[in-house]
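The structure appears below as structure tokens.
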Amino acid sequence: MKKAVTVLSIIFSAVIVFFSIFGERLYYSTKPKVELERPLRIDGALLAPESAVFHDAGGSCIVCVESEQGFSVEILTTRKIRLAWVRPDSTGYYEGYVLVQPQTDPTGPIVINSTRPLRGGQRVVEG
Amino acid sequence: MKKARKILTLRLVILGFFAVIFAIPVITTAIKSLSFEGKIGLKQYWELFVTNFTYSDFFRNSVFYAAAITVISVVISLPLGFLFAKIRFKGRDSLFFVFILVMLLPFQATLLPNYIRLRDFKLLNTPLALTLPMIFSPFAVFLLRQFMKSIPDDLIDFTLLETSSVFKTFRYAILPQIKSALVSLSILIFCESWNMVDQALIFSMENDKILPLSVMLSELPENVRYAGGTVYMFPIIMLFVMFRETLEESMEAYKL
């Protein structure tokens with residue numbers, strides 16, 4: 001019994017030490033890094049960079065990020081929002097931007113760049 | 001004969017019942033920590049240590065406080081216990097009575113004076129605020145006095161014939177006799193400081209980072225609370241299992 005507890009204690013201590021050193025690094029390295037931007041609203045449509053519009057089997061979408069205060073950091077979770085239409089920016093003021101009409105209003109900033117393909121409900125980190 | 005057996009069975013049933021009642025929360029916590037969002041595995045621990053990575057910082061705080069308080073408290077209480085047990089001087093019993101009185105006071109009664117003292121020394125919201133008040137433990141002094149009282153005076157006298165050094169007398173005549181008592185006392189103090197909550201909440205209201213895990217457990221997200229609880233319990237259970245025999249021995253020997 002004592003031997004088993006000793007072995008368990010050593011494993012336990014090793015786990016604690018490992019995660020004390022690498023826990024934060026693991027959190028940031030296992031999640032996709034995203035760049036975020038708050039889009040401008042023009043006549044009910046959103047002015048977003050072209051890179052913010054993603055295309056998948058269901059059509060075009062933008063990825064909105066919702067944040068909540070976690071125990072250690074602010075946790076960012078993605079939400080895909082389908083788009084009714086995508087039009088080029090007619091104002092000419094913003095190069096590389098498009099006007100998009102989301103089916104539901106984004107409740108936070110949108111992803112304009114990501115290191116990995118994103119899906120809805122995924123945790124991401126800003127950077 | 002039959003009656004005796006019946007009484008024994010009844011005793012076992014009652015004891016077993018209470019043992020199960022006490023064990024259920026611990027076992028449930030450990031079992032529930034092995035599931036995360038309906039799936040069985042160690043994902044909850046991964047979430048605990050990675051998504052909530054500051055958990056290990058609070059764990060480290062707890063280890064630091066508990067270890068520091070235990071070591072310093074024992075070191076301070078040893079000579080005091082010896083003083084009350086073996087050295088005769090005027091007013092010893094009255095002084096010891098004051099010690100007992102302090103020990104009987106609940107923590108809440110000394111909270112305000114402690115708070116004011118720490119504030120005046122500008123120690124609030126520092127790790128010292130969480131360690132200093134617990135380092136001077138009348139309970140440890142009382143317990144050590146009881147242990148040391150059982151050491152025969154002749155043994156100390158014989159040692160004094162060999163050496164005039166107080167430290168050597170203490171080292172060779174006293175310490176070997178109270179080894180098991182020291183282990184028990186250390187475990188008791190460790191457990192007490194491991195579980196401190198009120199003190200940490202009051203003395204470190206403006207500095208969350210130095211709080212021990214016992215305070216931060218309630219702040220954990222619900223989906224990792226069981227893993228957090230299991231990790232929190234582990235050191236205490238481990239200590240108990242490792243030193244169970246010594247603990248029981250000293251409890252029996254000194255009729256505690």
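Residues in the structure tokens are named by chain (A, B, ... in the order shown) and by number from 1 within that chain; ligands are numbered from 1 in the order shown.
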List as an mmCIF file with all heavy atoms, in the first residue's frame the protein and nucleic acid residues near Glu219 (chain B), meaning an atom at most 10 Å away when only C-alpha atoms are counted, but skip any in the same chain fewer than 6 places from it.
```cif
data_model
loop_
_atom_site.group_PDB
_atom_site.id
_atom_site.type_symbol
_atom_site.label_atom_id
_atom_site.label_comp_id
_atom_site.auth_asym_id
_atom_site.auth_seq_id
_atom_site.Cartn_x
_atom_site.Cartn_y
_atom_site.Cartn_z
ATOM 1 N N GLY A 70 -12.865 33.273 -17.995
ATOM 2 C CA GLY A 70 -12.597 31.938 -17.450
ATOM 3 C C GLY A 70 -11.847 32.045 -16.139
ATOM 4 O O GLY A 70 -11.643 33.147 -15.620
ATOM 5 N N PHE A 71 -11.420 30.925 -15.612
ATOM 6 C CA PHE A 71 -10.702 30.881 -14.340
ATOM 7 C C PHE A 71 -9.320 31.527 -14.483
ATOM 8 O O PHE A 71 -8.875 32.258 -13.617
ATOM 9 C CB PHE A 71 -10.565 29.420 -13.913
ATOM 10 C CG PHE A 71 -9.893 29.228 -12.588
ATOM 11 C CD1 PHE A 71 -10.537 29.537 -11.412
ATOM 12 C CD2 PHE A 71 -8.602 28.717 -12.519
ATOM 13 C CE1 PHE A 71 -9.918 29.358 -10.186
ATOM 14 C CE2 PHE A 71 -7.974 28.521 -11.304
ATOM 15 C CZ PHE A 71 -8.648 28.839 -10.138
ATOM 16 N N LEU B 213 -5.287 27.399 -2.693
ATOM 17 C CA LEU B 213 -6.261 26.666 -3.507
ATOM 18 C C LEU B 213 -7.596 26.486 -2.795
ATOM 19 O O LEU B 213 -8.654 26.469 -3.428
ATOM 20 C CB LEU B 213 -5.658 25.303 -3.867
ATOM 21 C CG LEU B 213 -6.367 24.487 -4.916
ATOM 22 C CD1 LEU B 213 -6.542 25.264 -6.192
ATOM 23 C CD2 LEU B 213 -5.601 23.211 -5.194
ATOM 24 N N ARG B 225 -14.721 21.028 -11.793
ATOM 25 C CA ARG B 225 -14.733 21.129 -10.332
ATOM 26 C C ARG B 225 -14.362 19.805 -9.645
ATOM 27 O O ARG B 225 -13.680 19.801 -8.629
ATOM 28 C CB ARG B 225 -16.103 21.592 -9.861
ATOM 29 C CG ARG B 225 -15.973 22.720 -8.885
ATOM 30 C CD ARG B 225 -17.262 23.405 -8.642
ATOM 31 N NE ARG B 225 -17.213 24.782 -9.120
ATOM 32 C CZ ARG B 225 -18.226 25.598 -9.061
ATOM 33 N NH1 ARG B 225 -19.371 25.192 -8.588
ATOM 34 N NH2 ARG B 225 -18.111 26.831 -9.496
#
```
Select residues of chain B: the criterion is any atom within 10 Å of an atom of chain A, counting only C-alpha atoms; output as a ChimeraX atom specification. /B:46-60,216,219-221,231,234-235,237-239,241-244
Write out as an MDAnalysis selection string each polymer residue whose atoms come within 12 Å of Pro106 (chain A), counting only C-alpha atoms; drop sequence neighbours fewer than 5 positions from it. chainID A and resid 37:41 45:46 61:66 78:83 100:101 111
Please provide as an mmCIF file with C-alpha atoms, in the first residue's frame all residues within 8 Å of region 189-200 of chain B, with the sequence filter that same-chain residues fewer than 6 positions apart are discarded (counting only C-alpha atoms).
```
data_model
loop_
_atom_site.group_PDB
_atom_site.id
_atom_site.type_symbol
_atom_site.label_atom_id
_atom_site.label_comp_id
_atom_site.auth_asym_id
_atom_site.auth_seq_id
_atom_site.Cartn_x
_atom_site.Cartn_y
_atom_site.Cartn_z
ATOM 1 C CA SER B 62 -1.176 26.071 -0.881
ATOM 2 C CA VAL B 63 1.857 23.789 -0.747
ATOM 3 C CA TYR B 65 1.791 28.000 2.938
ATOM 4 C CA ALA B 66 1.106 24.570 4.390
ATOM 5 C CA ALA B 67 4.782 23.543 4.320
ATOM 6 C CA ILE B 69 3.482 27.000 8.458
ATOM 7 C CA THR B 70 4.096 23.365 9.428
ATOM 8 C CA LEU B 111 -9.370 37.886 13.492
ATOM 9 C CA LEU B 130 -1.389 34.179 5.426
ATOM 10 C CA MET B 134 -0.839 30.522 11.893
ATOM 11 C CA ALA B 140 1.127 22.724 18.772
ATOM 12 C CA LEU B 211 -4.587 32.993 -2.365
ATOM 13 C CA PRO B 212 -4.372 29.284 -1.546
ATOM 14 C CA SER B 214 -8.779 26.135 -0.695
ATOM 15 C CA VAL B 215 -10.204 29.591 -1.443
ATOM 16 C CA ILE B 236 -3.919 15.081 2.452
#
```
Residues near Leu128 (chain B), anyone? I mean within 10 Å using only C-alpha atoms, not counting same-chain ones fewer than 5 positions away, as a ChimeraX atom specification. /B:65,118,123,133,203
Serialized selection, all heavy atoms, as a PDB file, in the first residue's frame:
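Generated output (again26.pdb):
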```
ATOM      1  N   TYR B  65       2.321  27.573   1.638  1.00  0.00           N
ATOM      2  CA  TYR B  65       1.791  28.000   2.938  1.00  0.00           C
ATOM      3  C   TYR B  65       1.775  26.840   3.931  1.00  0.00           C
ATOM      4  O   TYR B  65       2.221  26.985   5.068  1.00  0.00           O
ATOM      5  CB  TYR B  65       0.368  28.563   2.798  1.00  0.00           C
ATOM      6  CG  TYR B  65       0.288  29.818   1.984  1.00  0.00           C
ATOM      7  CD1 TYR B  65      -0.704  30.000   1.026  1.00  0.00           C
ATOM      8  CD2 TYR B  65       1.218  30.843   2.159  1.00  0.00           C
ATOM      9  CE1 TYR B  65      -0.776  31.146   0.261  1.00  0.00           C
ATOM     10  CE2 TYR B  65       1.152  31.990   1.399  1.00  0.00           C
ATOM     11  CZ  TYR B  65       0.155  32.137   0.451  1.00  0.00           C
ATOM     12  OH  TYR B  65       0.104  33.271  -0.299  1.00  0.00           O
ATOM     13  N   LEU B 118      -1.549  43.181  11.280  1.00  0.00           N
ATOM     14  CA  LEU B 118      -0.981  42.998   9.937  1.00  0.00           C
ATOM     15  C   LEU B 118      -1.062  44.295   9.131  1.00  0.00           C
ATOM     16  O   LEU B 118      -0.145  44.628   8.382  1.00  0.00           O
ATOM     17  CB  LEU B 118      -1.713  41.876   9.195  1.00  0.00           C
ATOM     18  CG  LEU B 118      -1.438  40.460   9.696  1.00  0.00           C
ATOM     19  CD1 LEU B 118      -2.439  39.479   9.112  1.00  0.00           C
ATOM     20  CD2 LEU B 118      -0.029  40.026   9.336  1.00  0.00           C
ATOM     21  N   LEU B 123       1.493  44.361   6.147  1.00  0.00           N
ATOM     22  CA  LEU B 123       1.678  42.992   5.644  1.00  0.00           C
ATOM     23  C   LEU B 123       0.421  42.425   4.984  1.00  0.00           C
ATOM     24  O   LEU B 123       0.448  41.312   4.461  1.00  0.00           O
ATOM     25  CB  LEU B 123       2.090  42.060   6.796  1.00  0.00           C
ATOM     26  CG  LEU B 123       3.494  42.281   7.355  1.00  0.00           C
ATOM     27  CD1 LEU B 123       3.731  41.401   8.561  1.00  0.00           C
ATOM     28  CD2 LEU B 123       4.535  41.997   6.295  1.00  0.00           C
ATOM     29  N   PRO B 133       0.096  34.570  11.124  1.00  0.00           N
ATOM     30  CA  PRO B 133      -0.848  34.300  12.217  1.00  0.00           C
ATOM     31  C   PRO B 133      -0.967  32.815  12.567  1.00  0.00           C
ATOM     32  O   PRO B 133      -1.317  32.474  13.693  1.00  0.00           O
ATOM     33  CB  PRO B 133      -2.186  34.820  11.670  1.00  0.00           C
ATOM     34  CG  PRO B 133      -1.821  35.782  10.618  1.00  0.00           C
ATOM     35  CD  PRO B 133      -0.567  35.254  10.011  1.00  0.00           C
ATOM     36  N   PHE B 203      -7.360  38.354   5.001  1.00  0.00           N
ATOM     37  CA  PHE B 203      -6.042  39.003   4.999  1.00  0.00           C
ATOM     38  C   PHE B 203      -5.491  39.270   3.598  1.00  0.00           C
ATOM     39  O   PHE B 203      -4.444  39.876   3.454  1.00  0.00           O
ATOM     40  CB  PHE B 203      -5.030  38.170   5.791  1.00  0.00           C
ATOM     41  CG  PHE B 203      -5.383  38.030   7.243  1.00  0.00           C
ATOM     42  CD1 PHE B 203      -4.964  36.937   7.979  1.00  0.00           C
ATOM     43  CD2 PHE B 203      -6.150  38.998   7.878  1.00  0.00           C
ATOM     44  CE1 PHE B 203      -5.308  36.799   9.309  1.00  0.00           C
ATOM     45  CE2 PHE B 203      -6.497  38.870   9.209  1.00  0.00           C
ATOM     46  CZ  PHE B 203      -6.079  37.770   9.932  1.00  0.00           C
TER      47      PHE B 203
END
```
Let's see if you can do this: from backbone DSSP, list all strand (DSSP E or B) residues in chain A, as a tab-separated table (two decimals) with N, CA and C atoms, in the first residue's frame.
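Generated file (part.tsv):
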```
chain	number	residue	atom	x	y	z
A	33	LYS	N	-4.67	30.28	-33.46
A	33	LYS	CA	-4.49	31.71	-33.16
A	33	LYS	C	-5.29	32.50	-34.20
A	34	VAL	N	-6.02	33.49	-33.74
A	34	VAL	CA	-6.84	34.28	-34.67
A	34	VAL	C	-6.56	35.76	-34.52
A	35	GLU	N	-6.79	36.47	-35.64
A	35	GLU	CA	-6.77	37.94	-35.58
A	35	GLU	C	-8.21	38.40	-35.59
A	36	LEU	N	-8.52	39.35	-34.74
A	36	LEU	CA	-9.91	39.78	-34.61
A	36	LEU	C	-10.10	41.22	-35.03
A	37	GLU	N	-11.30	41.54	-35.48
A	37	GLU	CA	-11.62	42.92	-35.83
A	37	GLU	C	-13.10	43.16	-35.60
A	40	LEU	N	-17.23	47.39	-39.34
A	40	LEU	CA	-18.07	48.59	-39.41
A	40	LEU	C	-19.45	48.19	-39.92
A	41	ARG	N	-20.47	48.93	-39.51
A	41	ARG	CA	-21.82	48.62	-39.97
A	41	ARG	C	-22.26	49.73	-40.94
A	42	ILE	N	-22.62	49.33	-42.15
A	42	ILE	CA	-23.09	50.31	-43.13
A	42	ILE	C	-24.46	49.87	-43.63
A	45	ALA	N	-25.55	46.34	-43.15
A	45	ALA	CA	-24.58	45.32	-43.58
A	45	ALA	C	-23.25	45.55	-42.84
A	46	LEU	N	-22.40	44.55	-42.89
A	46	LEU	CA	-21.10	44.67	-42.21
A	46	LEU	C	-20.01	44.85	-43.24
A	47	LEU	N	-19.07	45.74	-42.93
A	47	LEU	CA	-17.92	45.93	-43.81
A	47	LEU	C	-16.77	45.11	-43.22
A	48	ALA	N	-16.42	44.04	-43.89
A	48	ALA	CA	-15.40	43.13	-43.34
A	48	ALA	C	-14.32	42.85	-44.38
A	49	PRO	N	-13.11	42.55	-43.95
A	49	PRO	CA	-12.06	42.19	-44.92
A	49	PRO	C	-12.44	40.90	-45.66
A	54	PHE	N	-15.45	33.15	-44.91
A	54	PHE	CA	-15.05	31.75	-45.11
A	54	PHE	C	-16.09	31.05	-45.97
A	55	HIS	N	-15.62	30.08	-46.74
A	55	HIS	CA	-16.56	29.34	-47.60
A	55	HIS	C	-16.49	27.87	-47.22
A	56	ASP	N	-17.64	27.27	-47.03
A	56	ASP	CA	-17.69	25.82	-46.79
A	56	ASP	C	-18.88	25.23	-47.53
A	59	GLY	N	-22.11	27.20	-47.67
A	59	GLY	CA	-22.09	28.53	-48.26
A	59	GLY	C	-21.06	29.42	-47.59
A	60	SER	N	-21.31	30.75	-47.66
A	60	SER	CA	-20.35	31.70	-47.06
A	60	SER	C	-20.72	31.98	-45.61
A	61	CYS	N	-19.72	32.27	-44.84
A	61	CYS	CA	-19.99	32.59	-43.43
A	61	CYS	C	-18.87	33.46	-42.88
A	62	ILE	N	-19.16	34.12	-41.78
A	62	ILE	CA	-18.11	34.78	-41.02
A	62	ILE	C	-18.05	34.08	-39.66
A	63	VAL	N	-16.91	34.22	-38.98
A	63	VAL	CA	-16.78	33.57	-37.66
A	63	VAL	C	-16.69	34.66	-36.60
A	64	CYS	N	-17.69	34.64	-35.75
A	64	CYS	CA	-17.72	35.62	-34.67
A	64	CYS	C	-17.12	34.98	-33.42
A	65	VAL	N	-16.51	35.79	-32.59
A	65	VAL	CA	-15.88	35.25	-31.37
A	65	VAL	C	-16.59	35.79	-30.14
A	66	GLU	N	-17.04	34.88	-29.30
A	66	GLU	CA	-17.70	35.29	-28.06
A	66	GLU	C	-16.74	35.04	-26.89
A	67	SER	N	-16.65	36.02	-26.02
A	67	SER	CA	-15.69	35.84	-24.93
A	67	SER	C	-16.41	35.75	-23.59
A	68	GLU	N	-15.84	34.94	-22.72
A	68	GLU	CA	-16.34	34.85	-21.34
A	68	GLU	C	-15.13	34.76	-20.41
A	69	GLN	N	-15.28	35.32	-19.23
A	69	GLN	CA	-14.16	35.30	-18.30
A	69	GLN	C	-14.00	33.89	-17.73
A	74	GLU	N	-9.41	34.97	-20.42
A	74	GLU	CA	-10.67	35.20	-21.09
A	74	GLU	C	-10.81	34.13	-22.17
A	75	ILE	N	-11.88	33.36	-22.11
A	75	ILE	CA	-12.02	32.24	-23.06
A	75	ILE	C	-12.79	32.71	-24.29
A	76	LEU	N	-12.16	32.52	-25.46
A	76	LEU	CA	-12.78	32.95	-26.72
A	76	LEU	C	-13.34	31.73	-27.43
A	77	THR	N	-14.63	31.77	-27.75
A	77	THR	CA	-15.27	30.65	-28.44
A	77	THR	C	-15.85	31.15	-29.76
A	78	THR	N	-15.64	30.37	-30.82
A	78	THR	CA	-16.09	30.79	-32.14
A	78	THR	C	-17.58	30.46	-32.36
A	79	ARG	N	-18.21	31.26	-33.21
A	79	ARG	CA	-19.60	30.98	-33.63
A	79	ARG	C	-19.70	31.33	-35.11
A	80	LYS	N	-20.12	30.35	-35.91
A	80	LYS	CA	-20.22	30.60	-37.35
A	80	LYS	C	-21.53	31.32	-37.64
A	81	ILE	N	-21.47	32.34	-38.46
A	81	ILE	CA	-22.70	33.05	-38.84
A	81	ILE	C	-22.82	33.01	-40.37
A	82	ARG	N	-23.90	32.41	-40.81
A	82	ARG	CA	-24.14	32.31	-42.26
A	82	ARG	C	-24.44	33.69	-42.84
A	83	LEU	N	-24.07	33.86	-44.09
A	83	LEU	CA	-24.27	35.16	-44.72
A	83	LEU	C	-25.38	35.09	-45.77
A	84	ALA	N	-26.25	36.13	-45.79
A	84	ALA	CA	-27.33	36.17	-46.79
A	84	ALA	C	-26.74	36.55	-48.15
A	85	TRP	N	-25.82	37.52	-48.13
A	85	TRP	CA	-25.12	37.89	-49.37
A	85	TRP	C	-23.76	38.50	-49.09
A	86	VAL	N	-22.92	38.50	-50.11
A	86	VAL	CA	-21.60	39.14	-50.03
A	86	VAL	C	-21.45	40.03	-51.26
A	87	ARG	N	-21.17	41.32	-51.05
A	87	ARG	CA	-21.01	42.24	-52.19
A	87	ARG	C	-19.68	43.00	-52.05
A	88	PRO	N	-19.10	43.36	-53.18
A	88	PRO	CA	-17.87	44.16	-53.07
A	88	PRO	C	-18.19	45.55	-52.51
A	97	TYR	N	-11.94	44.97	-48.86
A	97	TYR	CA	-13.08	44.78	-47.96
A	97	TYR	C	-14.33	44.46	-48.77
A	98	VAL	N	-15.25	43.76	-48.16
A	98	VAL	CA	-16.53	43.44	-48.80
A	98	VAL	C	-17.66	43.76	-47.83
A	99	LEU	N	-18.84	43.96	-48.39
A	99	LEU	CA	-20.03	44.17	-47.55
A	99	LEU	C	-20.73	42.82	-47.41
A	100	VAL	N	-21.04	42.46	-46.20
A	100	VAL	CA	-21.71	41.17	-45.99
A	100	VAL	C	-22.98	41.37	-45.16
A	101	GLN	N	-23.96	40.53	-45.41
A	101	GLN	CA	-25.21	40.61	-44.64
A	101	GLN	C	-25.36	39.31	-43.84
A	102	PRO	N	-25.02	39.37	-42.54
A	102	PRO	CA	-25.15	38.13	-41.74
A	102	PRO	C	-26.60	37.82	-41.40
A	110	ILE	N	-15.11	39.75	-35.15
A	110	ILE	CA	-15.08	38.62	-36.09
A	110	ILE	C	-13.62	38.27	-36.42
A	111	VAL	N	-13.45	37.01	-36.83
A	111	VAL	CA	-12.10	36.52	-37.17
A	111	VAL	C	-11.74	37.00	-38.57
A	112	ILE	N	-10.59	37.65	-38.69
A	112	ILE	CA	-10.16	38.06	-40.03
A	112	ILE	C	-8.98	37.22	-40.52
A	113	ASN	N	-8.41	36.47	-39.63
A	113	ASN	CA	-7.29	35.59	-40.02
A	113	ASN	C	-7.13	34.49	-38.98
A	114	SER	N	-6.83	33.30	-39.44
A	114	SER	CA	-6.66	32.20	-38.49
A	114	SER	C	-5.54	31.28	-38.93
A	123	ARG	N	-12.59	26.69	-29.32
A	123	ARG	CA	-11.88	27.70	-28.52
A	123	ARG	C	-10.66	28.19	-29.29
A	124	VAL	N	-10.47	29.49	-29.29
A	124	VAL	CA	-9.34	30.07	-30.01
A	124	VAL	C	-8.59	31.04	-29.09
A	125	VAL	N	-7.41	31.43	-29.51
A	125	VAL	CA	-6.68	32.45	-28.76
A	125	VAL	C	-6.32	33.59	-29.70
A	126	GLU	N	-6.29	34.78	-29.16
A	126	GLU	CA	-5.99	35.94	-29.99
A	126	GLU	C	-4.47	36.10	-30.09
```
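Between CA of Gln44 (chain B) and CA of Gly228 (chain B) there is a distance of 8.9 Å.
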Can you tell me which residues surround Leu101 (chain B) at a distance of at most 10 Å, considering only C-alpha atoms, apart from same-chain residues fewer than 5 positions away, and format the answer as a PyMOL selection string? chain B and resi 95-96+138
Rounded to one decimal, what separation in Å do you get between CA of Val74 (chain B) and CA of Pro176 (chain B)? 15.0 Å
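Remark: for Leu124 (chain B), the closest of the candidate residues B:Val102, B:Asp157, B:Ile210, B:Gln177 is B:Ile210 (distances computed over only C-alpha atoms).
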Would you please extract all helix (DSSP H, G or I) residues from region 97-171 of chain B, as assigned by DSSP on the backbone, and give them as a PyMOL selection string? chain B and resi 97-104+107-120+127-135+138-149+153-162+166-171
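Note that the spacing between CA of Met205 (chain B) and CA of Arg119 (chain B) amounts to 12.1 Å.
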